[in-house]
Structure formats: structure tokens, C-alpha cells
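Structure record follows, encoded as C-alpha cells.
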Amino acid sequence: MLAVFLLSTITLACLVSLLAMFSSNQWNPKGKHCYITGGSSGLGLSLALLLTRQGAHVSIVARDQQKLRNALDELEENSRQNPEQKLNSYSFSLNNEAAAAEAYESVCAAHGGRSPDAIFLCAGTATPGFFVEETEASQRKGMEMAYWVSACTALVAAKRMVRERVAGKIVFVSSFCGYMSFVGYSSYAPGKHALRGLAETLRSELLLYNIGVHIFFPGTIYSPGYVEENKTKPKITLKIEESDEGLQPDRVAEALLHGVQNGNFHISGELTGHIFRSSTRGATPYNNVFIDRIYSLIGSIALPLWRRGVDSMVIGHKSEHDAYLADKGFFEQK
């Protein structure tokens, strides 16, 4: 009977999902101005290509001018749909409100001074390491790159969208580490958890202005940023993640846009993400009331087992870690 019930529930939920996919109420980026931070590589670039192919006007912002030029060339050559589309790139740092405001003003100026219709906050980096080797400066830097680089742009964008009465969207990009964390992510996970808190608040507050808020929780993305973070990632962190099947940026971008178009608040792009999302949802709205309950049921069984396995690996790493710290001269420091 239980199997029949689960099968019936999944079938019904799939039918509801299919109806939602073909609903005329889906958000359509065609003709809209989409602003993407971190748009020169990885998820940001893949999202820019996808939105351009769907007829959006796209503005990408990042720091590296050469990467931006290459990205803009790729948008022009591979994704432009019509000559009316405005495709622009801008080189700015976004880690404080003044810089974010300067970047936003430049982006708006190319569109008659009007705010973009959708803000996709893809900028950010991770520098994994052990907490006992961190400093106040490195912790603050981690918070800056995981939280403030997105929060500052969100602050600037929300103010302007409200003043101009733009009924648009603000889309945050968090991480699996915004749902849970483990050894190695002490400078990264706090910022990604903080983004969730900000998005939860803004989802409620910005209802006052017809501005939609979404937050995406991707797992491993095989991007240039992933290559960089692996350079400092502890061995135990790599071991825990060795069974993680990551995705290419284009697949992740598709999942993100699909979630936005369906109006989902918390967006996940793979099974593991859906399980974490449904198991830690708190008062977050359901994406699909039937399927999310099934994911939550799976999580109630699988996640404690996963955590136990992670703890076992960490404890098993203790002797090697002690030797590592001793070799670094950690125990002689004061």
C-alpha cells in the first residue's frame, strides 16, 4: 500500500510539474534587461549565454577585463538572437556599496537610466582551509566574497527598483554550503548561510514592491573557480567530496533559470540539493508540496547516515592532521 501511495503521489506531482512547465505564467526573459555579476566565466557566463539565446538584453560585470572581452565576444558569436539586443560588459569590483552603486549606474545608463528587470548575483569565490589556520583578515575576506559581494549589489538594486517601481527579480546564488557544511569551509559557509537569511527576509519585504526574490543552492560546478578553490582545499575535504558528481556550468545555469521561470524561491539543480532543500526548508515555500515531502522523507533517513559517514572520515583523519599541523609549526605558535 505504501508503494502504491508513493507511486501515485509522485505521478500526481509530476503532472503538476509538467503543467507548471507549460504555464503561460512562466517568467520570460525575452526583451528584458538581465544584469549578471560574475558574468565573465563559470556559472555567470553560462547563464549570460542562456539568457541571450532567449532574447534578453544582457549586462555582465566582473573584474578581469580580458575575461570580460572574451565573454562578450562569445555572447555575440554564439548567442545573439537579433540586432536589437543590447549586450554589454563592465569591469568593476563589487565588494562594497560604493563600488556596487558605480557599477549599477553604468549598467543602467546604457538602458536610458532604467534599472535592469532581473539581477543575477553569481559573483563570489571560496578559499577553503582549516579554521585554526585562519586569521581575522582571511575570515573577513571570506565573508566579503561569499556574502558582501552579492549583498551590496542587492542593496543598490533594491533601492533603485523600488524608486523606479520596477517589478523585477533579484536572484542570489548560495551553495550547498548554505544548507550544511563540514571541515574546510569555515571562511565560506558562513557567508552562504547569511545569503539565505538575507534572501528569506527580502522574499517577504519585497512583496511590498512586486519584486520577486530567488536563491539558488548549487553543488559542485566544474568551473575555473572550482579549480582555484581546490588549490587550498584540505585533503580531508577533498576526500569527503570525492564521490560528489559535479555538473558543468551550462547544466547548472539551466537549472537556475528553470527554477526562476517556475517561480521557485529555493532552487536546487540536482537530487542531493532537493533533499537538502526539503529537509531544511523551515518556513520556506514548497516548490512542489508532494515531491518536497518525499524528498524530506528521504532526507530524514539518508542525511543522518551521510553525516555519520562524514564524521567518521574526519575522525579517521586526526593522526594525519596532527602531523600536518606539527609540520607547519602550528603547536609552537602563541
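Following the order of the C-alpha cells, first chain is A, next is B, and so on, with residues numbered from 1 inside each chain and ligands from 1 in the order they appear.
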Inset, instruction - Write out as a count of residues only each polymer residue whose atoms come within 12 Å of Gly142 in chain A, counting only C-alpha atoms; drop sequence neighbours fewer than 3 positions from it. - result: 27
Inset, instruction - Check the DSSP output for the backbone and give back, as an NGL selection string, the residues of range 132-288 of chain A in strand (DSSP E). - result: :A and (169-173 or 212-216 or 266-267)
What does the file look like for those residues with N, CA and C atoms, as an mmCIF file, in the first residue's frame?
```
data_model
loop_
_atom_site.group_PDB
_atom_site.id
_atom_site.type_symbol
_atom_site.label_atom_id
_atom_site.label_comp_id
_atom_site.auth_asym_id
_atom_site.auth_seq_id
_atom_site.Cartn_x
_atom_site.Cartn_y
_atom_site.Cartn_z
ATOM 1 N N LYS A 169 13.194 41.044 -10.565
ATOM 2 C CA LYS A 169 13.657 39.892 -9.796
ATOM 3 C C LYS A 169 15.078 40.121 -9.287
ATOM 4 N N ILE A 170 15.335 39.635 -8.083
ATOM 5 C CA ILE A 170 16.694 39.575 -7.533
ATOM 6 C C ILE A 170 16.979 38.114 -7.214
ATOM 7 N N VAL A 171 18.043 37.590 -7.824
ATOM 8 C CA VAL A 171 18.348 36.161 -7.710
ATOM 9 C C VAL A 171 19.724 35.988 -7.078
ATOM 10 N N PHE A 172 19.759 35.415 -5.879
ATOM 11 C CA PHE A 172 21.014 35.147 -5.180
ATOM 12 C C PHE A 172 21.530 33.757 -5.555
ATOM 13 N N VAL A 173 22.849 33.603 -5.516
ATOM 14 C CA VAL A 173 23.463 32.287 -5.687
ATOM 15 C C VAL A 173 24.198 31.942 -4.398
ATOM 16 N N GLY A 212 10.291 39.950 -7.098
ATOM 17 C CA GLY A 212 10.480 38.554 -6.740
ATOM 18 C C GLY A 212 11.896 38.270 -6.299
ATOM 19 N N VAL A 213 12.053 37.410 -5.323
ATOM 20 C CA VAL A 213 13.374 37.030 -4.812
ATOM 21 C C VAL A 213 13.524 35.515 -4.916
ATOM 22 N N HIS A 214 14.690 35.083 -5.377
ATOM 23 C CA HIS A 214 15.006 33.660 -5.508
ATOM 24 C C HIS A 214 16.415 33.439 -4.966
ATOM 25 N N ILE A 215 16.691 32.210 -4.542
ATOM 26 C CA ILE A 215 18.053 31.872 -4.118
ATOM 27 C C ILE A 215 18.366 30.456 -4.572
ATOM 28 N N PHE A 216 19.536 30.310 -5.165
ATOM 29 C CA PHE A 216 19.972 29.064 -5.786
ATOM 30 C C PHE A 216 21.053 28.419 -4.934
ATOM 31 N N HIS A 266 13.482 28.782 -3.209
ATOM 32 C CA HIS A 266 14.710 27.992 -3.089
ATOM 33 C C HIS A 266 14.829 27.133 -4.338
ATOM 34 N N ILE A 267 15.972 27.215 -5.018
ATOM 35 C CA ILE A 267 16.171 26.490 -6.269
ATOM 36 C C ILE A 267 17.316 25.498 -6.099
#
```
Inset, instruction - Please report, as a ChimeraX atom specification, each residue of range 137-308 of chain A to which DSSP assigns alpha helix (DSSP H) when run on this structure's backbone. - result: /A:137-143,149-164,189-205,224-229,235-241,249-261,271-279,289-308
Just-selected residues, C-alpha atoms written as a compact mmCIF listing (two decimals), in the first residue's frame:
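See result.txt below for the written result:
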```
# COMPACT_ATOMS: atom_id res chain seq x y z
CA ALA A 137 41.58 39.09 7.89
CA SER A 138 41.02 35.84 5.98
CA GLN A 139 37.69 35.28 7.70
CA ARG A 140 36.55 38.79 6.81
CA LYS A 141 37.76 38.28 3.24
CA GLY A 142 35.78 35.05 3.05
CA MET A 143 32.65 36.82 4.27
CA VAL A 149 29.88 40.87 -2.98
CA SER A 150 26.22 39.90 -3.52
CA ALA A 151 24.54 41.77 -0.67
CA CYS A 152 25.95 45.15 -1.74
CA THR A 153 24.57 44.84 -5.27
CA ALA A 154 21.24 43.60 -3.90
CA LEU A 155 21.05 46.67 -1.67
CA VAL A 156 21.78 49.07 -4.52
CA ALA A 157 19.43 47.26 -6.91
CA ALA A 158 16.52 47.03 -4.47
CA LYS A 159 16.62 50.75 -3.73
CA ARG A 160 16.63 51.70 -7.40
CA MET A 161 14.00 49.14 -8.41
CA VAL A 162 11.66 50.40 -5.69
CA ARG A 163 12.18 54.05 -6.64
CA GLU A 164 11.52 53.27 -10.30
CA ALA A 189 29.85 28.59 4.52
CA PRO A 190 29.01 31.43 6.98
CA GLY A 191 28.58 33.87 4.09
CA LYS A 192 26.45 31.44 2.12
CA HIS A 193 24.24 30.84 5.17
CA ALA A 194 23.99 34.60 5.56
CA LEU A 195 22.81 34.94 1.96
CA ARG A 196 19.99 32.54 2.76
CA GLY A 197 19.00 34.73 5.72
CA LEU A 198 19.03 37.83 3.54
CA ALA A 199 17.00 36.17 0.79
CA GLU A 200 14.44 34.87 3.31
CA THR A 201 14.00 38.41 4.61
CA LEU A 202 13.82 40.06 1.21
CA ARG A 203 11.38 37.49 -0.17
CA SER A 204 8.96 38.82 2.46
CA GLU A 205 9.86 42.52 2.41
CA PRO A 224 37.53 27.97 -13.20
CA GLY A 225 36.56 28.89 -9.63
CA TYR A 226 36.42 25.21 -8.69
CA VAL A 227 39.97 24.70 -10.00
CA GLU A 228 41.19 27.62 -7.89
CA GLU A 229 39.48 26.53 -4.68
CA LYS A 235 42.93 16.66 1.86
CA ILE A 236 40.09 15.62 4.15
CA THR A 237 37.71 17.99 2.35
CA LEU A 238 38.72 16.52 -1.00
CA LYS A 239 38.16 13.02 0.40
CA ILE A 240 34.66 13.87 1.63
CA GLU A 241 33.83 15.33 -1.79
CA PRO A 249 28.24 25.33 -15.74
CA ASP A 250 25.75 25.16 -18.63
CA ARG A 251 23.72 22.45 -16.88
CA VAL A 252 23.74 24.44 -13.65
CA ALA A 253 22.65 27.61 -15.47
CA GLU A 254 19.71 25.72 -16.99
CA ALA A 255 18.61 24.54 -13.54
CA LEU A 256 18.87 28.06 -12.14
CA LEU A 257 16.86 29.65 -14.93
CA HIS A 258 14.27 26.87 -14.85
CA GLY A 259 13.72 27.49 -11.14
CA VAL A 260 13.37 31.25 -11.67
CA GLN A 261 10.94 30.75 -14.54
CA LEU A 271 18.67 15.25 -6.41
CA THR A 272 21.00 15.82 -3.46
CA GLY A 273 20.19 19.51 -3.48
CA HIS A 274 16.45 18.81 -3.48
CA ILE A 275 16.88 16.51 -0.47
CA PHE A 276 18.84 19.13 1.49
CA ARG A 277 16.40 21.85 0.43
CA SER A 278 13.33 19.92 1.52
CA SER A 279 14.93 18.70 4.74
CA VAL A 289 4.14 20.12 -1.96
CA PHE A 290 4.01 16.43 -2.93
CA ILE A 291 7.55 15.87 -4.19
CA ASP A 292 9.14 18.04 -1.49
CA ARG A 293 7.56 15.88 1.20
CA ILE A 294 9.02 12.79 -0.43
CA TYR A 295 12.45 14.44 -0.60
CA SER A 296 12.10 15.34 3.08
CA LEU A 297 11.24 11.75 3.95
CA ILE A 298 14.30 10.52 2.07
CA GLY A 299 16.42 13.13 3.85
CA SER A 300 15.21 12.06 7.30
CA ILE A 301 16.78 8.66 6.59
CA ALA A 302 19.74 9.49 4.34
CA LEU A 303 21.15 12.68 5.84
CA PRO A 304 21.91 11.31 9.34
CA LEU A 305 23.73 8.41 7.67
CA TRP A 306 25.65 10.83 5.44
CA ARG A 307 26.63 12.98 8.43
CA ARG A 308 27.76 9.92 10.38
```
Legend entry - Contacts of Asn28 in chain A at 9 Å (only C-alpha atoms; same-chain gap of 2+ positions) as a PyMOL selection string: chain A and resi 25-26+30-32+54+56+261
Inset, instruction - Kindly indicate which residue among A:Val166, A:Leu45, A:Ile36, A:Cys122 lies nearest to Asn210 in chain A, using only C-alpha atoms for the distances. - result: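 The closest residue to Asn210 in chain A is A:Val166.
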Legend entry - Contacts of Thr220 in chain A within 8 Å, only C-alpha atoms, excl. fewer than 6 positions in-chain, as a count of residues only: 5
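Between CA of Gly168 in chain A and CA of Pro116 in chain A there is a distance of 7.7 Å.
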Legend entry - Distance of CA of Pro218 in chain A from CA of Gly269 in chain A, expressed in Å to one decimal place: 6.4 Å
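Straight-line separation from CA of Thr284 in chain A to CA of Gly38 in chain A: 26.7 Å.
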